[in-house]
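Participant: coords30.cif is the file, holding mmCIF, C-alpha atoms:
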```
data_my_file
loop_
_atom_site.label_atom_id
_atom_site.label_comp_id
_atom_site.auth_asym_id
_atom_site.auth_seq_id
_atom_site.Cartn_x
_atom_site.Cartn_y
_atom_site.Cartn_z
CA MET J 1 39.16 56.83 -97.95
CA ILE J 2 41.74 59.58 -98.29
CA SER J 3 44.53 57.22 -99.36
CA GLY J 4 42.24 55.75 -102.04
CA TYR J 5 41.61 59.22 -103.40
CA LEU J 6 45.33 59.96 -103.31
CA MET J 7 46.11 56.71 -105.15
CA ASP J 8 43.60 57.49 -107.87
CA ARG J 9 44.61 61.13 -108.17
CA LEU J 10 48.41 60.82 -108.16
CA GLY J 11 48.95 57.14 -108.91
CA ARG J 12 50.28 54.42 -106.66
CA ARG J 13 53.99 55.03 -107.10
CA ALA J 14 53.82 58.83 -106.86
CA SER J 15 51.67 58.54 -103.73
CA GLN J 16 54.23 56.28 -102.07
CA ILE J 17 57.10 58.58 -102.97
CA LEU J 18 55.26 61.68 -101.73
CA LEU J 19 54.23 60.10 -98.45
CA SER J 20 57.69 58.60 -97.94
CA VAL J 21 59.20 62.09 -98.12
CA PHE J 22 56.90 63.25 -95.31
CA TYR J 23 57.57 60.01 -93.40
CA ILE J 24 61.33 60.59 -93.55
CA GLY J 25 60.74 64.20 -92.53
CA GLY J 26 58.85 63.02 -89.46
CA TRP J 27 61.70 60.72 -88.46
CA THR J 28 64.17 63.55 -89.03
CA ILE J 29 62.17 65.74 -86.65
CA ILE J 30 62.22 62.94 -84.07
CA GLY J 31 65.96 62.41 -84.53
CA PHE J 32 66.84 66.06 -83.99
CA ALA J 33 64.17 66.80 -81.39
CA GLY J 34 65.30 68.94 -78.52
CA ASN J 35 62.17 68.55 -76.46
CA ILE J 36 59.04 66.43 -76.13
CA HIS J 37 56.97 68.71 -78.36
CA PHE J 38 59.11 67.97 -81.40
CA ILE J 39 59.06 64.26 -80.64
CA LEU J 40 55.27 64.36 -80.52
CA LEU J 41 55.13 66.37 -83.75
CA GLY J 42 57.38 63.84 -85.47
CA ARG J 43 55.31 60.94 -84.14
CA PHE J 44 52.13 62.62 -85.39
CA ILE J 45 53.59 63.05 -88.86
CA THR J 46 54.93 59.48 -89.04
CA GLY J 47 51.66 58.04 -87.71
CA PHE J 48 49.67 60.04 -90.23
CA CYS J 49 51.90 58.87 -93.08
CA GLN J 50 51.84 55.26 -91.87
CA GLY J 51 48.05 55.33 -91.88
CA TRP J 52 48.09 56.49 -95.48
CA LEU J 53 50.91 54.15 -96.56
CA GLY J 54 49.18 51.09 -95.05
CA PRO J 55 46.71 50.53 -97.90
CA LEU J 56 49.17 51.65 -100.58
CA GLY J 57 51.68 48.82 -100.07
CA PRO J 58 49.44 45.82 -100.76
CA VAL J 59 47.72 47.58 -103.67
CA PHE J 60 51.06 48.46 -105.26
CA VAL J 61 52.49 44.96 -104.76
CA GLY J 62 49.30 43.44 -106.15
CA GLU J 63 49.48 45.59 -109.26
CA ILE J 64 53.15 45.11 -110.16
CA SER J 65 53.51 41.39 -109.39
CA SER J 66 52.67 38.67 -111.85
CA PRO J 67 49.49 36.68 -111.12
CA ALA J 68 51.48 33.50 -110.51
CA TYR J 69 53.41 35.04 -107.60
CA ARG J 70 50.94 37.67 -106.37
CA GLY J 71 49.61 35.56 -103.51
CA LEU J 72 53.11 34.69 -102.34
CA PHE J 73 54.22 38.33 -102.33
CA LEU J 74 51.10 39.58 -100.55
CA ALA J 75 51.33 36.79 -97.97
CA GLY J 76 54.99 37.69 -97.43
CA LEU J 77 54.02 41.32 -96.92
CA SER J 78 51.40 40.39 -94.34
CA LEU J 79 53.81 38.00 -92.64
CA SER J 80 56.50 40.65 -92.37
CA ILE J 81 54.06 43.12 -90.81
CA ALA J 82 52.81 40.54 -88.32
CA SER J 83 56.38 39.48 -87.48
CA GLY J 84 57.37 43.07 -86.81
CA VAL J 85 54.42 43.58 -84.49
CA PHE J 86 55.22 40.31 -82.70
CA MET J 87 58.89 41.23 -82.21
CA SER J 88 58.11 44.67 -80.89
#
```
Could you render the structure from this file as structure tokens?
Facilitator:
Amino acid sequence: MISGYLMDRLGRRASQILLSVFYIGGWTIIGFAGNIHFILLGRFITGFCQGWLGPLGPVFVGEISSPAYRGLFLAGLSLSIASGVFMS
């Protein structure tokens, strides 16, 4: 619900850029963490951003791709997510 509001308020591309900045910030905190508290803070930030970025990706791909290739691109996106989960 919140990511839908953010997409409508800021737009799809601006929402992805804004959330990606926070996502990179979370990974930076994890990378330079000196103790477990900073690792947990970074994981919280990245998890929060990932939850918001999850719906943004397919919507953005669906909007910018041509109708002839939209299904292929969205299936490829889903396949890449499932492959990453399988490999981990």
Participant: Applied to the shown file, which residues does the PyMOL selection byres ((chain J and resi 22-36) around 12) return, written as a VMD selection string?
Facilitator: chain J and resid 15 to 21 37 to 53
Participant: In Å, with one decimal, what is the gap from atom CA of Arg12 of chain J to atom CA of Gly62 of chain J?
Facilitator: 11.0 Å
Participant: Let me know the centre plus edge lengths, in Å and rounded to one decimal, of a box with edges along x, y and z that contains all listed atoms of segment 29-34 of chain J and is padded by 5 Å on every side, as lines of an AutoDock Vina configuration file.
Facilitator:
```
center_x = 64.5
center_y = 65.7
center_z = -82.6
size_x = 14.7
size_y = 16.5
size_z = 18.1
```
Participant: So that I can see what lies close to segment 73-86 of chain J, please list as a ChimeraX atom specification the residues with an atom at most 8 Å from it, counting all atoms listed in the file and leaving out residues fewer than 5 positions away in the same chain.
Facilitator: /J:58,61-62,65
Participant: Which distance in Å separates atom CA of Tyr69 of chain J and atom CA of Leu6 of chain J, to one decimal?
Facilitator: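 Computed distance, atom CA of Tyr69 of chain J to atom CA of Leu6 of chain J, equals 26.5 Å.
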